[in-house]
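Source file: data_18.pdb. Holds: PDB, C-alpha atoms.
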MODEL        1
ATOM      1  CA  MET A  22     -12.813 -22.590  22.444
ATOM      2  CA  SER A  23     -14.841 -25.731  22.121
ATOM      3  CA  ALA A  24     -16.842 -27.020  19.158
ATOM      4  CA  GLY A  25     -20.171 -25.304  18.637
ATOM      5  CA  CYS A  26     -19.030 -22.056  20.266
ATOM      6  CA  ASN A  27     -18.895 -18.734  18.544
ATOM      7  CA  VAL A  28     -15.413 -18.060  17.177
ATOM      8  CA  PRO A  29     -13.922 -14.625  17.801
ATOM      9  CA  ILE A  30     -12.940 -12.517  14.809
ATOM     10  CA  VAL A  31      -9.695 -10.644  15.488
ATOM     11  CA  SER A  32      -7.660  -8.067  13.584
ATOM     12  CA  LEU A  33      -3.913  -8.664  13.504
ATOM     13  CA  ILE A  34      -1.617  -5.807  12.486
ATOM     14  CA  ARG A  35       1.957  -5.950  11.201
ATOM     15  CA  ARG A  36       4.011  -2.820  10.585
ATOM     16  CA  SER A  37       7.056  -2.445   8.363
ATOM     17  CA  HIS A  38       8.937   0.313   6.562
ATOM     18  CA  PHE A  39      10.709   0.981   3.290
ATOM     19  CA  SER A  40      12.459   3.883   1.602
ATOM     20  CA  ALA A  41      11.696   4.861  -1.973
ATOM     21  CA  GLY A  42      11.937   7.804  -4.306
ATOM     22  CA  HIS A  43       9.388   9.090  -6.782
ATOM     23  CA  HIS A  44       8.365  12.065  -8.906
ATOM     24  CA  LEU A  45       4.733  13.121  -8.869
ATOM     25  CA  HIS A  46       3.777  13.780 -12.470
ATOM     26  CA  SER A  47       0.883  12.761 -14.695
ATOM     27  CA  ASP A  48       1.172  12.408 -18.463
ATOM     28  CA  LYS A  49      -2.573  13.095 -18.562
ATOM     29  CA  LEU A  50      -1.996  16.644 -17.304
ATOM     30  CA  SER A  51      -0.329  19.654 -18.881
ATOM     31  CA  GLU A  52       2.893  20.947 -17.312
ATOM     32  CA  GLU A  53       0.887  23.799 -15.790
ATOM     33  CA  GLU A  54      -1.624  21.372 -14.280
ATOM     34  CA  ASN A  55       1.199  19.160 -12.969
ATOM     35  CA  ARG A  56       2.738  22.198 -11.212
ATOM     36  CA  LYS A  57      -0.679  23.032  -9.765
ATOM     37  CA  TYR A  58      -1.404  19.538  -8.413
ATOM     38  CA  PHE A  59       2.166  18.573  -7.514
ATOM     39  CA  PRO A  60       3.950  21.834  -6.579
ATOM     40  CA  LYS A  61       6.610  20.154  -4.415
ATOM     41  CA  SER A  62       7.560  17.796  -7.232
ATOM     42  CA  ALA A  63       9.104  20.319  -9.618
ATOM     43  CA  ASN A  64      12.433  18.466  -9.568
ATOM     44  CA  SER A  65      12.108  15.841 -12.310
ATOM     45  CA  SER A  66      14.655  13.639 -10.495
ATOM     46  CA  GLY A  67      12.130  13.288  -7.698
ATOM     47  CA  TYR A  68      12.562  12.974  -3.956
ATOM     48  CA  GLY A  69      12.215  10.243  -1.385
ATOM     49  CA  HIS A  70      10.168   9.065   1.553
ATOM     50  CA  ASN A  71      10.678   6.754   4.468
ATOM     51  CA  TYR A  72       7.321   5.011   4.196
ATOM     52  CA  VAL A  73       5.664   3.149   7.045
ATOM     53  CA  VAL A  74       3.140   0.486   6.065
ATOM     54  CA  GLU A  75       0.690  -1.164   8.417
ATOM     55  CA  VAL A  76      -1.100  -4.267   7.163
ATOM     56  CA  THR A  77      -4.217  -5.491   8.935
ATOM     57  CA  VAL A  78      -5.516  -9.008   8.493
ATOM     58  CA  ARG A  79      -8.846 -10.005   9.987
ATOM     59  CA  GLY A  80     -10.298 -13.414  10.569
ATOM     60  CA  PRO A  81     -11.409 -16.089  12.997
ATOM     61  CA  VAL A  82      -9.031 -17.240  15.690
ATOM     62  CA  ASN A  83      -8.001 -20.802  14.900
ATOM     63  CA  ALA A  84      -8.962 -23.033  17.847
ATOM     64  CA  THR A  85      -5.820 -25.167  17.458
ATOM     65  CA  THR A  86      -3.163 -22.463  16.970
ATOM     66  CA  GLY A  87      -4.858 -19.569  18.747
ATOM     67  CA  MET A  88      -3.937 -17.348  15.791
ATOM     68  CA  VAL A  89      -5.719 -15.610  12.929
ATOM     69  CA  MET A  90      -2.622 -16.393  10.878
ATOM     70  CA  ASP A  91       1.042 -17.034  11.449
ATOM     71  CA  ILE A  92       2.578 -13.566  11.760
ATOM     72  CA  SER A  93       5.803 -14.785  10.127
ATOM     73  CA  GLU A  94       3.785 -15.772   7.022
ATOM     74  CA  LEU A  95       2.353 -12.257   6.912
ATOM     75  CA  GLN A  96       5.845 -10.754   7.230
ATOM     76  CA  GLU A  97       7.127 -13.018   4.444
ATOM     77  CA  ALA A  98       4.273 -11.884   2.164
ATOM     78  CA  MET A  99       5.074  -8.260   3.022
ATOM     79  CA  ASP A 100       8.751  -8.825   2.264
ATOM     80  CA  ARG A 101       8.008 -10.448  -1.115
ATOM     81  CA  GLY A 102       5.238  -8.070  -2.168
ATOM     82  CA  ILE A 103       6.428  -4.766  -0.718
ATOM     83  CA  ILE A 104       9.980  -4.616   0.614
ATOM     84  CA  ASN A 105      11.722  -6.616  -2.134
ATOM     85  CA  VAL A 106       9.834  -4.685  -4.814
ATOM     86  CA  MET A 107       9.897  -1.122  -3.452
ATOM     87  CA  ASP A 108      12.665  -0.619  -0.886
ATOM     88  CA  GLN A 109      15.547   1.554  -2.126
ATOM     89  CA  LYS A 110      13.833   1.950  -5.512
ATOM     90  CA  HIS A 111      12.637   4.876  -7.610
ATOM     91  CA  LEU A 112       8.970   3.916  -7.878
ATOM     92  CA  ASP A 113       8.333   5.577 -11.247
ATOM     93  CA  LYS A 114      11.376   4.029 -12.892
ATOM     94  CA  ASP A 115      11.658   0.639 -11.156
ATOM     95  CA  VAL A 116       8.050  -0.476 -10.539
ATOM     96  CA  SER A 117       5.996  -1.015 -13.693
ATOM     97  CA  PHE A 118       2.657  -0.152 -11.999
ATOM     98  CA  PHE A 119       3.852   3.449 -11.612
ATOM     99  CA  LYS A 120       4.718   3.844 -15.267
ATOM    100  CA  GLU A 121       0.929   4.099 -15.822
ATOM    101  CA  ASN A 122      -0.180   5.370 -12.381
ATOM    102  CA  VAL A 123       0.963   8.496 -10.531
ATOM    103  CA  SER A 124       2.994   7.442  -7.486
ATOM    104  CA  THR A 125       0.804   9.240  -4.941
ATOM    105  CA  THR A 126       0.436   7.847  -1.443
ATOM    106  CA  GLU A 127      -3.046   6.669  -2.437
ATOM    107  CA  ASN A 128      -1.776   4.719  -5.449
ATOM    108  CA  VAL A 129       1.128   3.260  -3.473
ATOM    109  CA  ALA A 130      -1.402   1.945  -0.919
ATOM    110  CA  VAL A 131      -3.489   0.385  -3.727
ATOM    111  CA  PHE A 132      -0.351  -1.184  -5.232
ATOM    112  CA  ILE A 133       0.598  -2.668  -1.853
ATOM    113  CA  TRP A 134      -2.911  -4.103  -1.446
ATOM    114  CA  ASN A 135      -2.717  -5.777  -4.854
ATOM    115  CA  GLN A 136       0.760  -7.117  -4.139
ATOM    116  CA  LEU A 137      -0.332  -8.627  -0.838
ATOM    117  CA  LYS A 138      -3.440 -10.176  -2.389
ATOM    118  CA  SER A 139      -1.169 -12.068  -4.773
ATOM    119  CA  GLU A 140       1.428 -13.019  -2.120
ATOM    120  CA  MET A 141      -0.712 -14.110   0.846
ATOM    121  CA  LYS A 142      -1.681 -17.747   1.379
ATOM    122  CA  ASN A 143      -5.146 -16.614   2.464
ATOM    123  CA  PRO A 144      -5.743 -13.260   0.730
ATOM    124  CA  ASP A 145      -9.344 -13.118   1.977
ATOM    125  CA  PHE A 146      -7.933 -12.225   5.405
ATOM    126  CA  LEU A 147      -6.415  -8.970   4.083
ATOM    127  CA  HIS A 148      -8.501  -6.218   5.671
ATOM    128  CA  LYS A 149      -6.605  -2.921   5.420
ATOM    129  CA  VAL A 150      -3.405  -1.284   4.203
ATOM    130  CA  LYS A 151      -2.403   1.912   5.974
ATOM    131  CA  LEU A 152       0.530   3.840   4.512
ATOM    132  CA  TRP A 153       2.395   6.818   5.925
ATOM    133  CA  SER A 154       4.427   8.783   3.373
ATOM    134  CA  THR A 155       5.146  11.415   6.043
ATOM    135  CA  LYS A 156       4.127  11.830   9.671
ATOM    136  CA  LYS A 157       1.170  13.920   8.481
ATOM    137  CA  ASN A 158       0.166  12.178   5.214
ATOM    138  CA  ILE A 159      -1.542   8.806   5.457
ATOM    139  CA  ALA A 160      -3.575   6.739   3.001
ATOM    140  CA  VAL A 161      -5.829   3.838   3.975
ATOM    141  CA  TYR A 162      -7.094   1.265   1.476
ATOM    142  CA  ARG A 163      -9.506  -1.594   2.121
ATOM    143  CA  GLY A 164      -9.854  -2.949  -1.424
ATOM    144  CA  GLU A 165     -12.928  -0.900  -2.253
ATOM    145  CA  LEU A 166     -13.611   0.036  -5.869
ATOM    146  CA  THR A 167     -16.052   2.317  -7.639
ATOM    147  CA  SER A 168     -17.021   2.692 -11.281
ATOM    148  CA  SER A 169     -14.573   4.904 -13.202
ATOM    149  CA  LYS A 170     -17.534   6.874 -14.559
ATOM    150  CA  ASP A 171     -18.223   8.005 -10.985
ATOM    151  CA  HIS A 172     -14.805   9.623 -10.578
ATOM    152  CA  SER A 173     -12.339  10.945 -13.095
TER     153      SER A 173
ENDMDL
END

This structure in structure tokens:
Amino acid sequence: MSAGCNVPIVSLIRRSHFSAGHHLHSDKLSEEENRKYFPKSANSSGYGHNYVVEVTVRGPVNATTGMVMDISELQEAMDRGIINVMDQKHLDKDVSFFKENVSTTENVAVFIWNQLKSEMKNPDFLHKVKLWSTKKNIAVYRGELTSSKDHS
């Protein structure tokens, strides 16, 4: 790619996994409402998942290195922000974010996004977090926010 040419924008994806336990329960709900919304989480000790997380970064291909970013730097950020914090942990007891937020797949994906934003050398390249809590349940987060008055 020579100077003055258009630079390709490429998505780079890194996948990792971690195991963690949790108990779906909201202090904002009655016990009856908790049973309604989280019927499989009746055991207050919780249960575990073997999560799979896929992180997508997106950016211009560097003309010198031929890379969007060094994949080992992305893996190091994932290790610091996700694996070291969540692997082999009980999310509700060991991760302060989940003391105030229900540890749903959606909220775990948001937590991972925020962790990566603080760990990456170039957080503007973070494009998407995709999280599997089971083979059938997947959450995708791209950093989008809405006003809390729009959804409660």

Worksheet item: Could you spell out the hits of the PyMOL selection byres ((chain A and resi 70) around 9) on the shown file, as a PyMOL selection string?
Response: chain A and resi 39-43+68-69+71-72+154-155

Item to complete: Grab the atom CA of A:Glu165 to atom CA of A:Lys57 distance for me, in Å with one decimal place.
Response: 27.9 Å

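Atom pair atom CA of A:Phe146 / atom CA of A:Ser169 has a distance of 26.1 Å (rounded to one decimal).
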
Discussion item. The PyMOL selection byres ((chain A and resi 105-113) around 10) - which residues does that actually catch in the file I just gave you? List them as a VMD selection string.
Written reply: chain A and resid 38 to 46 66 to 72 99 to 104 114 to 124 129 133 136

Practice prompt. On this file, the PyMOL selection byres ((chain A and resi 28) around 9) gives some set of residues; write that set as a list of chain:residue names.
Written response: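 What the PyMOL selection byres ((chain A and resi 28) around 9) grabs from the file is A:Met22, A:Gly25, A:Cys26, A:Asn27, A:Pro29, A:Ile30, A:Pro81, A:Val82, A:Asn83, A:Ala84.
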
Worksheet entry | Atomic distance atom CA of A:Arg79 - atom CA of A:Glu127, expressed in Å with one decimal |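 These two atoms are separated by 21.6 Å.
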
Please complete stretch 139-150 of chain A so it has all heavy atoms, and hand it over as a short mmCIF file (atom, residue, chain, number, x, y, z; two decimals), in the frame of the given file.
data_model
loop_
_atom_site.label_atom_id
_atom_site.label_comp_id
_atom_site.auth_asym_id
_atom_site.auth_seq_id
_atom_site.Cartn_x
_atom_site.Cartn_y
_atom_site.Cartn_z
N SER A 139 -1.79 -11.02 -3.96
CA SER A 139 -1.17 -12.07 -4.77
C SER A 139 -0.12 -12.87 -4.00
O SER A 139 0.24 -13.96 -4.41
CB SER A 139 -0.56 -11.48 -6.04
OG SER A 139 0.55 -10.67 -5.74
N GLU A 140 0.37 -12.35 -2.88
CA GLU A 140 1.43 -13.02 -2.12
C GLU A 140 0.93 -13.81 -0.91
O GLU A 140 1.61 -14.73 -0.46
CB GLU A 140 2.46 -11.99 -1.63
CG GLU A 140 3.28 -11.35 -2.72
CD GLU A 140 4.23 -12.32 -3.41
OE1 GLU A 140 4.53 -13.39 -2.86
OE2 GLU A 140 4.66 -12.00 -4.53
N MET A 141 -0.22 -13.46 -0.38
CA MET A 141 -0.71 -14.11 0.85
C MET A 141 -1.30 -15.49 0.56
O MET A 141 -1.95 -15.68 -0.46
CB MET A 141 -1.76 -13.22 1.54
CG MET A 141 -1.17 -11.97 2.13
SD MET A 141 -2.43 -10.87 2.83
CE MET A 141 -3.15 -11.92 4.10
N LYS A 142 -1.09 -16.41 1.50
CA LYS A 142 -1.68 -17.75 1.38
C LYS A 142 -3.20 -17.69 1.48
O LYS A 142 -3.90 -18.45 0.83
CB LYS A 142 -1.11 -18.67 2.47
CG LYS A 142 0.32 -19.06 2.22
CD LYS A 142 0.82 -20.01 3.29
CE LYS A 142 2.29 -20.35 3.06
NZ LYS A 142 2.82 -21.19 4.13
N ASN A 143 -3.71 -16.80 2.33
CA ASN A 143 -5.15 -16.61 2.46
C ASN A 143 -5.47 -15.13 2.26
O ASN A 143 -5.65 -14.39 3.23
CB ASN A 143 -5.65 -17.10 3.83
CG ASN A 143 -7.16 -17.20 3.85
OD1 ASN A 143 -7.85 -16.59 3.03
ND2 ASN A 143 -7.68 -17.94 4.80
N PRO A 144 -5.55 -14.69 1.00
CA PRO A 144 -5.74 -13.26 0.73
C PRO A 144 -7.08 -12.71 1.21
O PRO A 144 -7.22 -11.50 1.36
CB PRO A 144 -5.61 -13.16 -0.78
CG PRO A 144 -5.85 -14.53 -1.30
CD PRO A 144 -5.42 -15.48 -0.23
N ASP A 145 -8.05 -13.59 1.48
CA ASP A 145 -9.34 -13.12 1.98
C ASP A 145 -9.22 -12.50 3.37
O ASP A 145 -10.11 -11.77 3.80
CB ASP A 145 -10.37 -14.26 2.01
CG ASP A 145 -10.77 -14.70 0.61
OD1 ASP A 145 -10.58 -13.92 -0.35
OD2 ASP A 145 -11.25 -15.84 0.47
N PHE A 146 -8.14 -12.80 4.08
CA PHE A 146 -7.93 -12.22 5.40
C PHE A 146 -7.41 -10.79 5.35
O PHE A 146 -7.44 -10.09 6.35
CB PHE A 146 -6.96 -13.08 6.23
CG PHE A 146 -7.59 -14.31 6.83
CD1 PHE A 146 -8.86 -14.74 6.50
CD2 PHE A 146 -6.87 -15.08 7.73
CE1 PHE A 146 -9.42 -15.88 7.05
CE2 PHE A 146 -7.42 -16.22 8.30
CZ PHE A 146 -8.70 -16.62 7.95
N LEU A 147 -6.92 -10.34 4.19
CA LEU A 147 -6.42 -8.97 4.08
C LEU A 147 -7.58 -8.01 4.31
O LEU A 147 -8.60 -8.06 3.62
CB LEU A 147 -5.78 -8.74 2.71
CG LEU A 147 -5.13 -7.37 2.50
CD1 LEU A 147 -4.07 -7.07 3.55
CD2 LEU A 147 -4.55 -7.28 1.10
N HIS A 148 -7.42 -7.12 5.28
CA HIS A 148 -8.50 -6.22 5.67
C HIS A 148 -8.20 -4.75 5.36
O HIS A 148 -9.07 -4.01 4.92
CB HIS A 148 -8.78 -6.38 7.17
CG HIS A 148 -9.85 -5.49 7.70
ND1 HIS A 148 -11.17 -5.61 7.33
CD2 HIS A 148 -9.79 -4.45 8.56
CE1 HIS A 148 -11.89 -4.68 7.96
NE2 HIS A 148 -11.07 -3.97 8.70
N LYS A 149 -6.92 -4.35 5.57
CA LYS A 149 -6.60 -2.92 5.42
C LYS A 149 -5.11 -2.73 5.21
O LYS A 149 -4.30 -3.42 5.82
CB LYS A 149 -7.06 -2.16 6.67
CG LYS A 149 -6.76 -0.69 6.67
CD LYS A 149 -7.40 0.04 7.85
CE LYS A 149 -6.76 -0.30 9.17
NZ LYS A 149 -7.29 0.51 10.29
N VAL A 150 -4.78 -1.77 4.36
CA VAL A 150 -3.40 -1.28 4.20
C VAL A 150 -3.41 0.18 4.60
O VAL A 150 -4.21 0.97 4.08
CB VAL A 150 -2.91 -1.44 2.75
CG1 VAL A 150 -1.60 -0.67 2.54
CG2 VAL A 150 -2.74 -2.90 2.38
#
